[in-house]
$ cat entry_15.txt   # compact mmCIF, C-alpha atoms
# COMPACT_ATOMS: atom_id res chain seq x y z
CA MET C 1 -89.02 -124.71 185.63
CA ALA C 2 -86.01 -126.49 184.22
CA SER C 3 -84.06 -128.55 186.65
CA LEU C 4 -80.51 -127.67 187.62
CA ASP C 5 -79.12 -130.46 185.52
CA ASP C 6 -80.96 -129.30 182.40
CA LEU C 7 -79.69 -125.76 182.85
CA LYS C 8 -76.15 -127.01 183.23
CA LYS C 9 -76.41 -128.95 180.02
CA ARG C 10 -77.82 -126.01 178.13
CA ILE C 11 -75.05 -123.73 179.33
CA ALA C 12 -72.46 -126.23 178.19
CA SER C 13 -74.09 -126.58 174.77
CA VAL C 14 -74.36 -122.83 174.19
CA LYS C 15 -70.75 -122.44 175.24
CA SER C 16 -69.57 -124.99 172.71
CA THR C 17 -71.64 -123.34 169.99
CA GLN C 18 -69.99 -120.09 170.93
CA LYS C 19 -66.61 -121.69 170.51
CA ILE C 20 -67.51 -122.82 167.02
CA THR C 21 -68.83 -119.45 165.91
CA LYS C 22 -65.79 -117.77 167.38
CA ALA C 23 -63.49 -120.06 165.45
CA MET C 24 -65.45 -119.47 162.27
CA LYS C 25 -65.16 -115.75 162.79
CA MET C 26 -61.40 -115.99 163.11
CA VAL C 27 -61.12 -118.14 160.01
CA ALA C 28 -63.34 -115.76 158.06
CA ALA C 29 -61.22 -112.82 159.21
CA ALA C 30 -58.05 -114.47 157.96
CA LYS C 31 -59.66 -115.45 154.67
CA LEU C 32 -61.15 -112.00 154.31
CA ARG C 33 -57.76 -110.41 154.38
CA ARG C 34 -56.57 -112.67 151.60
CA ALA C 35 -59.73 -112.25 149.54
CA GLN C 36 -59.63 -108.49 149.92
CA GLU C 37 -56.03 -108.43 148.84
CA SER C 38 -56.69 -110.43 145.72
CA ALA C 39 -59.73 -108.30 144.92
CA GLU C 40 -57.53 -105.23 145.08
CA LYS C 41 -54.81 -106.84 143.04
CA GLY C 42 -57.28 -107.84 140.40
CA ARG C 43 -58.57 -104.34 139.92
CA PRO C 44 -55.81 -102.98 137.63
CA TYR C 45 -56.48 -105.65 135.06
CA SER C 46 -60.19 -105.04 134.74
CA GLU C 47 -59.70 -101.28 134.84
CA LYS C 48 -57.10 -101.35 132.08
CA MET C 49 -59.24 -103.70 130.08
CA ASN C 50 -62.15 -101.30 130.40
CA ASN C 51 -59.99 -98.40 129.35
CA VAL C 52 -58.73 -100.12 126.25
CA ILE C 53 -62.22 -101.14 125.25
CA LEU C 54 -63.46 -97.62 125.81
CA ASN C 55 -60.70 -96.27 123.62
CA LEU C 56 -61.45 -98.83 120.98
CA SER C 57 -65.17 -98.32 120.91
CA ASN C 58 -64.65 -94.58 120.62
CA GLY C 59 -62.34 -95.14 117.71
CA ILE C 60 -64.59 -97.53 115.90
CA SER C 61 -65.75 -96.05 112.66
CA ASP C 62 -68.64 -98.22 111.63
CA LYS C 63 -71.01 -98.40 114.57
CA GLU C 64 -73.57 -100.39 112.62
CA ASN C 65 -71.28 -103.29 112.04
CA ALA C 66 -69.69 -103.25 115.46
CA PRO C 67 -69.30 -106.66 117.08
CA LYS C 68 -72.54 -107.92 118.57
CA LEU C 69 -70.99 -108.34 121.99
CA LEU C 70 -70.56 -104.57 122.09
CA SER C 71 -73.69 -103.28 120.43
CA GLY C 72 -76.13 -106.08 121.17
CA THR C 73 -78.35 -108.04 118.85
CA GLY C 74 -80.70 -105.12 118.36
CA GLN C 75 -83.46 -106.66 120.43
CA GLU C 76 -84.10 -107.34 124.07
CA LYS C 77 -86.38 -110.31 124.02
CA SER C 78 -84.40 -112.86 125.91
CA HIS C 79 -82.47 -112.21 129.09
CA LEU C 80 -79.76 -114.32 130.61
CA CYS C 81 -79.01 -113.77 134.27
CA VAL C 82 -75.88 -115.11 135.89
CA VAL C 83 -76.49 -115.21 139.64
CA MET C 84 -73.28 -115.60 141.59
CA THR C 85 -73.54 -116.84 145.15
CA SER C 86 -71.42 -118.78 147.59
CA ASP C 87 -71.07 -122.53 148.02
CA ARG C 88 -71.23 -122.38 151.78
CA GLY C 89 -73.82 -121.12 154.16
CA LEU C 90 -73.54 -119.42 157.54
CA CYS C 91 -72.65 -116.09 156.05
CA GLY C 92 -75.52 -113.91 157.18
CA GLY C 93 -77.59 -112.19 154.55
CA PHE C 94 -74.97 -112.58 151.86
CA ASN C 95 -76.82 -115.00 149.61
CA SER C 96 -80.32 -113.77 150.40
CA ASN C 97 -79.35 -110.25 149.43
CA ILE C 98 -78.19 -111.32 145.99
CA ILE C 99 -81.22 -113.52 145.54
CA LYS C 100 -83.56 -110.73 146.59
CA ARG C 101 -81.96 -108.38 144.09
CA ALA C 102 -82.10 -111.00 141.37
CA LYS C 103 -85.69 -111.94 142.09
CA SER C 104 -86.93 -108.38 141.76
CA TYR C 105 -85.14 -108.19 138.42
CA PHE C 106 -86.64 -111.50 137.31
CA ALA C 107 -90.12 -110.32 138.23
CA LYS C 108 -89.62 -107.18 136.17
CA ILE C 109 -88.49 -109.13 133.14
CA LEU C 110 -91.31 -111.64 133.37
CA ASP C 111 -93.83 -108.81 133.78
CA GLU C 112 -92.62 -107.35 130.54
CA GLY C 113 -93.29 -110.66 128.89
CA LYS C 114 -89.68 -111.36 128.07
CA GLU C 115 -87.92 -114.65 128.15
CA LEU C 116 -85.76 -115.42 131.17
CA LYS C 117 -82.86 -117.81 131.48
CA ILE C 118 -80.77 -118.28 134.59
CA ILE C 119 -77.31 -119.59 135.21
CA THR C 120 -76.45 -120.02 138.86
CA VAL C 121 -72.87 -120.00 140.05
CA GLY C 122 -72.53 -121.41 143.55
CA SER C 123 -74.81 -124.00 145.09
CA LYS C 124 -76.53 -121.75 147.63
CA GLY C 125 -78.10 -119.61 144.94
CA ASN C 126 -79.30 -122.66 143.12
CA ASP C 127 -80.91 -124.01 146.28
CA GLN C 128 -82.84 -120.81 146.83
CA LEU C 129 -83.87 -120.21 143.25
CA LYS C 130 -84.85 -123.66 142.12
CA ARG C 131 -88.06 -123.66 144.11
CA VAL C 132 -89.57 -120.71 142.28
CA TYR C 133 -87.57 -120.47 139.08
CA GLY C 134 -86.53 -124.10 138.70
CA ASP C 135 -87.69 -124.34 135.11
CA LYS C 136 -85.74 -121.23 134.12
CA ILE C 137 -82.37 -122.42 135.36
CA ILE C 138 -80.45 -123.71 132.39
CA GLU C 139 -77.11 -124.28 134.04
CA ASN C 140 -75.73 -124.65 137.53
CA ILE C 141 -72.05 -124.24 138.13
CA SER C 142 -70.23 -124.72 141.38
CA PHE C 143 -66.57 -124.30 142.19
CA LYS C 144 -66.53 -126.15 145.46
CA GLU C 145 -63.17 -127.69 144.71
CA SER C 146 -61.28 -124.47 144.07
CA LYS C 147 -60.16 -122.81 147.23
CA ASN C 148 -59.84 -119.30 145.92
CA ALA C 149 -61.48 -117.56 143.03
CA ASN C 150 -59.24 -118.07 140.05
CA TYR C 151 -59.29 -116.81 136.50
CA PHE C 152 -59.49 -120.29 135.04
CA ASP C 153 -62.92 -120.85 136.59
CA ALA C 154 -64.13 -117.42 135.53
CA ASP C 155 -62.98 -118.12 132.01
CA LYS C 156 -65.06 -121.31 131.95
CA VAL C 157 -68.18 -119.37 132.86
CA GLY C 158 -67.28 -116.63 130.39
CA LYS C 159 -66.79 -119.08 127.52
CA MET C 160 -70.10 -120.70 128.29
CA VAL C 161 -71.90 -117.35 128.24
CA ILE C 162 -70.29 -116.43 124.93
CA GLU C 163 -71.11 -119.78 123.41
CA LYS C 164 -74.75 -119.34 124.31
CA PHE C 165 -74.73 -115.78 123.00
CA GLU C 166 -73.30 -116.86 119.69
CA ALA C 167 -75.88 -119.59 119.45
CA GLY C 168 -78.49 -116.85 119.75
CA GLU C 169 -79.92 -118.10 123.00
CA PHE C 170 -80.23 -114.66 124.57
CA ASP C 171 -79.90 -110.94 123.82
CA VAL C 172 -78.97 -109.38 127.13
CA CYS C 173 -76.77 -110.78 129.86
CA THR C 174 -76.67 -109.50 133.42
CA ILE C 175 -74.55 -110.73 136.28
CA PHE C 176 -75.57 -110.53 139.93
CA TYR C 177 -73.00 -110.36 142.69
CA ASN C 178 -72.19 -108.58 145.92
CA GLN C 179 -69.83 -105.68 145.72
CA PHE C 180 -67.50 -105.49 148.66
CA LYS C 181 -67.58 -102.09 150.30
CA ASN C 182 -66.39 -102.96 153.79
CA VAL C 183 -66.80 -105.71 156.32
CA ILE C 184 -70.34 -104.75 157.29
CA THR C 185 -71.59 -103.41 153.98
CA GLN C 186 -71.90 -105.39 150.79
CA ILE C 187 -73.97 -104.01 148.01
CA PRO C 188 -75.83 -106.43 145.75
CA GLN C 189 -75.11 -105.46 142.17
CA ALA C 190 -76.70 -106.12 138.82
CA GLN C 191 -74.24 -105.49 136.05
CA GLN C 192 -75.05 -105.81 132.40
CA ILE C 193 -72.19 -107.34 130.46
CA ILE C 194 -73.79 -108.04 127.09
CA PRO C 195 -74.21 -105.72 125.32
CA LEU C 196 -71.52 -103.73 126.98
CA ASN C 197 -72.96 -100.80 128.85
CA ASN C 198 -70.66 -97.83 128.71
CA GLU C 199 -73.20 -95.59 130.40
CA GLY C 200 -72.15 -92.57 128.45
CA GLU C 201 -68.67 -92.61 129.90
CA GLU C 202 -66.99 -90.33 127.45
CA ASN C 203 -63.27 -90.57 127.36
CA SER C 204 -62.02 -87.03 127.53
CA SER C 205 -58.58 -87.72 126.13
CA GLU C 206 -58.96 -87.41 122.41
CA GLU C 207 -55.79 -89.33 121.86
CA SER C 208 -55.72 -91.22 118.64
CA TYR C 209 -54.30 -94.67 118.67
CA GLU C 210 -52.75 -96.75 116.03
CA PHE C 211 -54.30 -100.17 115.82
CA GLU C 212 -52.71 -103.33 114.67
CA PRO C 213 -54.59 -105.18 113.29
CA ASP C 214 -57.66 -102.93 112.83
CA GLU C 215 -60.15 -101.96 115.53
CA ASP C 216 -62.76 -104.51 114.63
CA GLU C 217 -60.40 -107.38 114.88
CA ILE C 218 -58.95 -106.28 118.19
CA LEU C 219 -62.42 -105.69 119.54
CA SER C 220 -63.69 -109.08 118.55
CA ASN C 221 -60.65 -110.60 120.20
CA LEU C 222 -60.97 -108.46 123.28
CA LEU C 223 -64.67 -108.53 124.05
CA PRO C 224 -64.86 -112.23 124.95
CA LYS C 225 -61.89 -111.71 127.24
CA ASN C 226 -63.66 -108.79 128.82
CA ILE C 227 -66.65 -110.98 129.66
CA SER C 228 -64.39 -113.40 131.51
CA THR C 229 -62.63 -110.52 133.20
CA GLN C 230 -65.89 -109.01 134.41
CA ILE C 231 -67.02 -112.36 135.73
CA PHE C 232 -63.69 -112.84 137.43
CA LYS C 233 -63.98 -109.43 139.02
CA ALA C 234 -67.44 -110.33 140.26
CA MET C 235 -66.07 -113.56 141.69
CA LEU C 236 -63.32 -111.74 143.54
CA GLU C 237 -65.72 -109.16 144.93
CA ASN C 238 -68.08 -111.93 145.88
CA SER C 239 -65.51 -113.94 147.77
CA ALA C 240 -64.38 -110.88 149.71
CA SER C 241 -68.01 -110.05 150.46
CA GLU C 242 -68.76 -113.60 151.52
CA GLN C 243 -65.97 -113.66 154.05
CA GLY C 244 -66.84 -110.18 155.30
CA SER C 245 -70.46 -111.11 155.67
CA ARG C 246 -69.59 -114.36 157.41
CA MET C 247 -67.27 -112.56 159.75
CA SER C 248 -69.89 -110.10 160.93
CA ALA C 249 -72.55 -112.81 161.11
CA MET C 250 -70.32 -114.99 163.24
CA ASP C 251 -69.35 -112.04 165.38
CA ASN C 252 -73.03 -111.44 166.08
CA ALA C 253 -73.60 -115.11 166.80
CA THR C 254 -70.71 -115.18 169.24
CA ARG C 255 -72.05 -112.15 171.05
CA ASN C 256 -75.57 -113.56 171.20
CA ALA C 257 -74.25 -116.83 172.56
CA GLY C 258 -72.37 -114.89 175.23
CA GLU C 259 -75.53 -113.09 176.25
CA MET C 260 -77.39 -116.34 176.40
CA VAL C 261 -74.74 -117.93 178.58
CA ASP C 262 -74.96 -114.99 180.98
CA LYS C 263 -78.73 -115.24 181.19
CA LEU C 264 -78.67 -118.99 181.70
CA THR C 265 -75.97 -118.71 184.36
CA ILE C 266 -78.06 -116.23 186.33
CA GLU C 267 -81.04 -118.51 186.11
CA TYR C 268 -78.92 -121.46 187.14
CA ASN C 269 -77.55 -119.65 190.19
CA ARG C 270 -80.98 -118.43 191.16
CA SER C 271 -82.54 -121.87 191.12
CA ARG C 272 -79.55 -123.33 192.95
CA GLN C 273 -80.01 -120.67 195.62
CA ALA C 274 -83.74 -121.39 195.76
CA ALA C 275 -83.05 -125.07 196.33
CA ILE C 276 -80.62 -124.31 199.14
CA THR C 277 -83.08 -121.92 200.80
CA LYS C 278 -85.81 -124.50 200.56
CA GLU C 279 -83.62 -127.13 202.21
CA LEU C 280 -82.65 -124.72 204.98
CA ILE C 281 -86.27 -123.90 205.69
CA GLU C 282 -87.07 -127.57 205.89
CA ILE C 283 -84.22 -128.25 208.33
CA ILE C 284 -85.08 -125.29 210.54
CA SER C 285 -88.77 -126.05 210.66
CA GLY C 286 -87.91 -129.70 211.38
CA ALA C 287 -85.65 -128.68 214.26
CA GLU C 288 -88.26 -126.29 215.65
CA SER C 289 -90.92 -128.93 215.82
CA LEU C 290 -88.80 -131.13 218.07
CA MET R 1 -32.18 -87.24 127.87
CA SER R 2 -33.13 -90.57 129.19
CA GLU R 3 -34.30 -93.15 126.76
CA GLU R 4 -36.29 -95.09 129.28
CA PHE R 5 -39.96 -95.69 129.73
CA LYS R 6 -42.29 -97.54 132.03
CA VAL R 7 -43.70 -100.98 131.47
CA GLU R 8 -46.42 -102.67 133.44
CA ILE R 9 -47.57 -106.22 133.01
CA VAL R 10 -50.84 -107.20 134.63
CA ASN R 11 -52.62 -110.51 134.75
CA PRO R 12 -56.09 -111.03 136.18
CA GLU R 13 -54.80 -112.02 139.59
CA LYS R 14 -52.34 -109.23 140.20
CA SER R 15 -49.97 -106.67 138.82
CA PHE R 16 -47.28 -109.01 137.55
CA LEU R 17 -44.40 -106.66 136.90
CA VAL R 18 -43.72 -102.94 136.99
CA LYS R 19 -40.48 -101.52 135.67
CA ASP R 20 -39.40 -97.93 135.21
CA ASP R 21 -36.05 -98.24 133.52
CA VAL R 22 -36.89 -100.07 130.34
CA SER R 23 -35.12 -99.12 127.16
CA GLU R 24 -36.81 -101.49 124.74
CA VAL R 25 -39.57 -104.07 124.73
CA VAL R 26 -40.15 -106.61 122.01
CA VAL R 27 -43.65 -108.06 121.97
CA PRO R 28 -45.07 -110.83 119.79
CA ALA R 29 -47.84 -108.75 118.21
CA PHE R 30 -50.45 -110.41 116.10
CA GLU R 31 -48.87 -109.43 112.82
CA GLY R 32 -45.29 -110.08 113.78
CA GLU R 33 -42.78 -109.11 116.41
CA MET R 34 -42.86 -105.46 117.36
CA GLY R 35 -40.10 -103.55 119.08
CA ILE R 36 -41.19 -100.60 121.18
CA LEU R 37 -38.83 -97.77 122.08
CA LYS R 38 -39.42 -94.54 123.92
CA ASP R 39 -41.81 -92.07 122.26
CA HIS R 40 -43.45 -94.72 120.17
CA ILE R 41 -46.79 -93.61 118.76
CA SER R 42 -49.84 -94.60 120.85
CA ILE R 43 -50.80 -98.06 119.83
CA ILE R 44 -53.10 -100.89 120.81
CA SER R 45 -52.44 -104.37 119.57
CA ILE R 46 -53.17 -107.96 120.46
CA LEU R 47 -50.58 -110.59 121.16
CA LYS R 48 -50.11 -114.07 119.90
CA PRO R 49 -48.20 -116.76 121.79
CA GLY R 50 -44.56 -115.82 121.97
CA ILE R 51 -41.77 -114.28 123.97
CA ILE R 52 -41.79 -110.79 125.44
CA LYS R 53 -38.28 -109.39 125.71
CA ILE R 54 -37.71 -106.57 128.12
CA LEU R 55 -34.37 -104.79 127.82
CA SER R 56 -33.38 -102.57 130.68
CA LYS R 57 -30.35 -101.33 132.58
CA SER R 58 -30.94 -103.76 135.40
CA GLY R 59 -30.81 -106.68 133.03
CA ASP R 60 -32.81 -108.31 130.30
CA GLU R 61 -35.84 -110.42 130.99
CA ASN R 62 -37.81 -112.83 128.89
CA TYR R 63 -41.40 -113.85 129.42
CA TYR R 64 -43.53 -116.40 127.69
CA VAL R 65 -47.12 -115.29 127.02
CA GLU R 66 -50.02 -117.10 125.42
CA ASP R 67 -52.26 -114.16 124.68
CA GLY R 68 -52.90 -110.59 125.66
CA ILE R 69 -53.19 -106.97 124.67
CA VAL R 70 -50.57 -104.26 124.60
CA GLU R 71 -51.34 -100.61 124.99
CA PHE R 72 -48.69 -97.94 124.63
CA LYS R 73 -49.51 -94.36 125.51
CA ASN R 74 -47.47 -91.44 126.86
CA ASN R 75 -44.46 -93.65 127.34
CA ASN R 76 -46.44 -96.10 129.41
CA LEU R 77 -46.58 -99.61 128.13
CA SER R 78 -49.32 -101.80 129.58
CA ILE R 79 -49.46 -105.46 128.78
CA LEU R 80 -52.60 -107.35 129.78
CA THR R 81 -52.33 -111.08 129.63
CA SER R 82 -53.96 -114.08 131.24
CA THR R 83 -51.04 -116.48 130.96
CA ILE R 84 -47.48 -115.37 131.54
CA PHE R 85 -44.33 -117.11 132.74
CA ASN R 86 -40.88 -115.80 133.43
CA LEU R 87 -38.51 -117.86 131.34
CA ALA R 88 -35.89 -117.71 134.06
CA ASP R 89 -38.25 -119.48 136.48
CA MET R 90 -39.52 -121.94 133.96
CA ASP R 91 -37.93 -125.35 134.14
CA LYS R 92 -37.94 -128.07 131.55
CA SER R 93 -40.82 -130.05 133.01
CA LYS R 94 -43.09 -127.00 133.00
CA GLN R 95 -42.17 -126.37 129.38
CA GLN R 96 -42.94 -129.94 128.51
CA ASP R 97 -46.31 -129.73 130.20
CA LEU R 98 -47.24 -126.60 128.29
CA LEU R 99 -45.99 -128.07 125.06
CA LYS R 100 -48.02 -131.21 125.55
CA GLU R 101 -51.12 -129.18 126.27
CA ALA R 102 -50.59 -127.02 123.22
CA GLU R 103 -49.97 -130.02 120.99
CA GLU R 104 -53.15 -131.65 122.15
CA GLU R 105 -55.04 -128.49 121.36
CA ALA R 106 -53.44 -128.16 117.96
CA ASN R 107 -54.39 -131.72 117.09
CA LYS R 108 -58.04 -131.23 117.86
CA THR R 109 -60.14 -131.40 114.77
CA ASP R 110 -63.17 -129.48 115.93
CA ILE R 111 -61.58 -126.07 116.38
CA ASN R 112 -61.75 -123.17 113.98
CA ASP R 113 -58.86 -121.89 111.92
CA GLN R 114 -57.93 -119.07 114.22
CA SER R 115 -57.60 -121.17 117.34
CA LYS R 116 -55.77 -123.77 115.29
CA TYR R 117 -53.34 -121.11 114.17
CA LEU R 118 -52.83 -119.92 117.72
CA ALA R 119 -52.27 -123.44 119.00
CA ASP R 120 -49.73 -124.08 116.25
CA GLN R 121 -47.97 -120.89 117.22
CA LYS R 122 -47.82 -122.04 120.81
CA VAL R 123 -46.26 -125.34 119.82
CA GLU R 124 -43.71 -123.61 117.65
CA VAL R 125 -42.64 -121.13 120.30
CA LEU R 126 -42.44 -123.76 123.00
CA LYS R 127 -40.36 -126.01 120.77
CA THR R 128 -37.79 -123.30 120.19
CA LEU R 129 -37.41 -122.96 123.94
CA ASN R 130 -36.29 -126.51 124.42
$ encode --input "entry_15.txt" --output "structure tokens"
Amino acid sequence: MASLDDLKKRIASVKSTQKITKAMKMVAAAKLRRAQESAEKGRPYSEKMNNVILNLSNGISDKENAPKLLSGTGQEKSHLCVVMTSDRGLCGGFNSNIIKRAKSYFAKILDEGKELKIITVGSKGNDQLKRVYGDKIIENISFKESKNANYFDADKVGKMVIEKFEAGEFDVCTIFYNQFKNVITQIPQAQQIIPLNNEGEENSSEESYEFEPDEDEILSNLLPKNISTQIFKAMLENSASEQGSRMSAMDNATRNAGEMVDKLTIEYNRSRQAAITKELIEIISGAESL
Amino acid sequence: MSEEFKVEIVNPEKSFLVKDDVSEVVVPAFEGEMGILKDHISIISILKPGIIKILSKSGDENYYVEDGIVEFKNNNLSILTSTIFNLADMDKSKQQDLLKEAEEEANKTDINDQSKYLADQKVEVLKTLN
């Protein structure tokens, strides 16, 4: 059995761990509010962008010659996967959930004998993927320096993806991120961004637009922007999810530490009592023998 | 009958500006400046670097944009842009910074004609501001 001194030390150490996790929880809660706010503020832009593109692609006359970013290259041989994770750990299952989702997708693609290329955004994803898929990772981006998700960073990733697409390096591009539902639920998502997947969303309003310049030109100007916008949206959702996930993970950790302190305190008191009883018995039996 | 319509400017980070009492908006569309009044036909167009003028009862406002899309439908004007500045809040040093950036871009040799054209436009617009 551990001595009284050891127990004391352990209680102190668990208590200080609890303080840390509690502080992290508070910080995550404050950051979560900000991240959630910016995720909500960012929604109108991506929604409007989607709307305009929907209207445009409905209005496009020549589907055969539509921009490749919209209709695809006509084959599906090579897949590019952009896996977006966090740069920091201690956020529960946040990263593992994305990685799990991505890995099952990778396995499917490799089973079908297709080519796989990976871009990781965020260092945690890279750490987890490089063991198994190290040779498939073509690029690793990390935005450790930027405090909040910003459009400038998303645009960098977007431009890179488009560059690679135009160089014919892949046919299909999918991004992986966590969609923020609420603090305890984040849903890992796989979203295909090239070619654009409209999933049969028919726009009911048969409003005809005037285009200036013509549809093709607007589309070819707009589609690259849409890629960046989608990536930015994923980044915003991700950062809200990360903070939410960290908050609940740290909340759990704080509670567990509390339980542990309680258990250790009981044990400490019990052994202290045992020592006192033992001493008493010794004194009494000593006195009796006189 | 009121001659006013609604304008909404959004950038990726947030909804930048919403105004209900706008009488006219002039946007730097790709093929030249375009004035939009109430009951304009539905239109989608892209923007080049330039100045957006918003005329309304509560006062006129000018914004500098570098790119974007405009969509007008049912007397709702939506402007999507990634870079926008209110001219009233923009001081000289900020202008100089942007101008310098644009000039550097315009002087690059490895860019294609379209981005060259856009960069030149930027320089031109920013110069007129000074």
$ residues_around --input "entry_15.txt" --residues "C:Tyr45" --least-positions-apart "3" --cutoff "7 Å" --atoms "all atoms listed in the file" --output "list in words"
Gly42, Lys48 and Met49 of chain C; Val10, Asn11, Pro12 and Leu80 of chain R
$ closest_residue --input "entry_15.txt" --among "C:Asp6, C:Glu210, C:Asp251, C:Glu242" --to "chain R" --atoms "only C-alpha atoms"
C:Glu210
$ atom_distance --input "entry_15.txt" --atom1 "atom CA of C:Gln230" --atom2 "atom CA of C:Gly158"
8.7 Å
$ residues_near_point --input "entry_15.txt" --point "(-80.1, -109.4, 129.8)" --cutoff "8 Å" --atoms "all atoms listed in the file" --output "list in words"
Glu76, Ser78, His79, Leu80, Cys81, Phe170, Asp171, Val172, Cys173, Thr174, Gln192 and Ile194 of chain C
$ closest_atom_pairs --input "entry_15.txt" --of "chain C" --to "chain R" --cutoff "9 Å" --atoms "all atoms listed in the file" --output "Markdown table"
| residue | atom | partner | partner_atom | distance |
| --- | --- | --- | --- | --- |
| C:Ser38 | CA | R:Glu13 | CA | 6.6 |
| C:Ala39 | CA | R:Glu13 | CA | 8.2 |
| C:Glu40 | CA | R:Lys14 | CA | 8.2 |
| C:Lys41 | CA | R:Lys14 | CA | 4.5 |
| C:Gly42 | CA | R:Glu13 | CA | 4.9 |
| C:Arg43 | CA | R:Lys14 | CA | 7.9 |
| C:Pro44 | CA | R:Ser15 | CA | 7.0 |
| C:Tyr45 | CA | R:Pro12 | CA | 5.5 |
| C:Ser46 | CA | R:Pro12 | CA | 7.4 |
| C:Lys48 | CA | R:Leu80 | CA | 7.8 |
| C:Met49 | CA | R:Leu80 | CA | 7.6 |
| C:Val52 | CA | R:Glu71 | CA | 7.5 |
| C:Leu56 | CA | R:Ile44 | CA | 8.6 |
| C:Asn150 | CA | R:Glu13 | CA | 7.5 |
| C:Tyr151 | CA | R:Pro12 | CA | 6.6 |
| C:Glu207 | CA | R:Ser42 | CA | 8.0 |
| C:Ser208 | CA | R:Ser42 | CA | 7.1 |
| C:Tyr209 | CA | R:Ser42 | CA | 5.0 |
| C:Glu210 | CA | R:Ile43 | CA | 4.5 |
| C:Phe211 | CA | R:Ile44 | CA | 5.2 |
| C:Glu212 | CA | R:Ser45 | CA | 5.0 |
| C:Pro213 | CA | R:Ser45 | CA | 6.7 |
| C:Asp214 | CA | R:Ser45 | CA | 8.6 |
| C:Glu215 | CA | R:Ile44 | CA | 8.9 |
| C:Ile218 | CA | R:Ile46 | CA | 6.4 |
| C:Asn221 | CA | R:Ile46 | CA | 7.9 |
| C:Leu222 | CA | R:Ile69 | CA | 8.0 |
| C:Thr229 | CA | R:Pro12 | CA | 7.2 |
| C:Phe232 | CA | R:Pro12 | CA | 7.9 |
| C:Lys233 | CA | R:Pro12 | CA | 8.5 |
$ atom_distance --input "entry_15.txt" --atom1 "atom CA of R:Ala119" --atom2 "atom CA of R:Glu104"
8.8 Å
$ residues_around --input "entry_15.txt" --residues "R:Leu55" --least-positions-apart "4" --cutoff "9 Å" --atoms "all atoms listed in the file" --output "PDB file with C-alpha atoms, keeping the file's coordinate frame"
ATOM      1  CA  ASP R  21     -36.050 -98.240 133.520  1.00  0.00           C
ATOM      2  CA  VAL R  22     -36.890-100.070 130.340  1.00  0.00           C
ATOM      3  CA  SER R  23     -35.120 -99.120 127.160  1.00  0.00           C
ATOM      4  CA  GLU R  24     -36.810-101.490 124.740  1.00  0.00           C
ATOM      5  CA  VAL R  25     -39.570-104.070 124.730  1.00  0.00           C
ATOM      6  CA  VAL R  26     -40.150-106.610 122.010  1.00  0.00           C
ATOM      7  CA  GLY R  59     -30.810-106.680 133.030  1.00  0.00           C
ATOM      8  CA  ASP R  60     -32.810-108.310 130.300  1.00  0.00           C
ATOM      9  CA  GLU R  61     -35.840-110.420 130.990  1.00  0.00           C
ATOM     10  CA  ASN R  62     -37.810-112.830 128.890  1.00  0.00           C
TER      11      ASN R  62
END
$ residues_around --input "entry_15.txt" --residues "stretch 263-276 of chain C" --least-positions-apart "6" --cutoff "7 Å" --atoms "all atoms listed in the file" --output "PyMOL selection string"
chain C and resi 4+7+11
$ residues_around --input "entry_15.txt" --residues "stretch 89-97 of chain C" --least-positions-apart "2" --cutoff "8 Å" --atoms "all atoms listed in the file" --output "PDB file with C-alpha atoms, in the frame of the given file"
ATOM      1  CA  THR C  85     -73.540-116.840 145.150  1.00  0.00           C
ATOM      2  CA  SER C  86     -71.420-118.780 147.590  1.00  0.00           C
ATOM      3  CA  ASP C  87     -71.070-122.530 148.020  1.00  0.00           C
ATOM      4  CA  ILE C  99     -81.220-113.520 145.540  1.00  0.00           C
ATOM      5  CA  LYS C 100     -83.560-110.730 146.590  1.00  0.00           C
ATOM      6  CA  ARG C 101     -81.960-108.380 144.090  1.00  0.00           C
ATOM      7  CA  LYS C 124     -76.530-121.750 147.630  1.00  0.00           C
ATOM      8  CA  GLY C 125     -78.100-119.610 144.940  1.00  0.00           C
ATOM      9  CA  ASN C 178     -72.190-108.580 145.920  1.00  0.00           C
ATOM     10  CA  GLN C 186     -71.900-105.390 150.790  1.00  0.00           C
ATOM     11  CA  PRO C 188     -75.830-106.430 145.750  1.00  0.00           C
ATOM     12  CA  SER C 241     -68.010-110.050 150.460  1.00  0.00           C
ATOM     13  CA  GLU C 242     -68.760-113.600 151.520  1.00  0.00           C
ATOM     14  CA  GLN C 243     -65.970-113.660 154.050  1.00  0.00           C
ATOM     15  CA  SER C 245     -70.460-111.110 155.670  1.00  0.00           C
ATOM     16  CA  ARG C 246     -69.590-114.360 157.410  1.00  0.00           C
ATOM     17  CA  MET C 247     -67.270-112.560 159.750  1.00  0.00           C
ATOM     18  CA  SER C 248     -69.890-110.100 160.930  1.00  0.00           C
ATOM     19  CA  ALA C 249     -72.550-112.810 161.110  1.00  0.00           C
ATOM     20  CA  MET C 250     -70.320-114.990 163.240  1.00  0.00           C
TER      21      MET C 250
END
$ axis_aligned_box --input "entry_15.txt" --around "stretch 109-116 of chain C" --padding-each-side "4 Å" --output "JSON"
{"center_x": -89.8, "center_y": -111.4, "center_z": 130.9, "size_x": 16.1, "size_y": 16.1, "size_z": 13.7}
$ residues_around --input "entry_15.txt" --residues "R:Tyr64" --least-positions-apart "4" --cutoff "8 Å" --atoms "only C-alpha atoms" --output "NGL selection string"
:R and (49-52 or 84-87)
$ atom_distance --input "entry_15.txt" --atom1 "atom CA of C:Ala28" --atom2 "atom CA of C:Ile184"
13.1 Å
$ residues_near_point --input "entry_15.txt" --point "(-46.1, -101.7, 133.5)" --cutoff "7 Å" --atoms "all atoms listed in the file" --output "ChimeraX atom specification"
/R:6-9,17-19,76-79
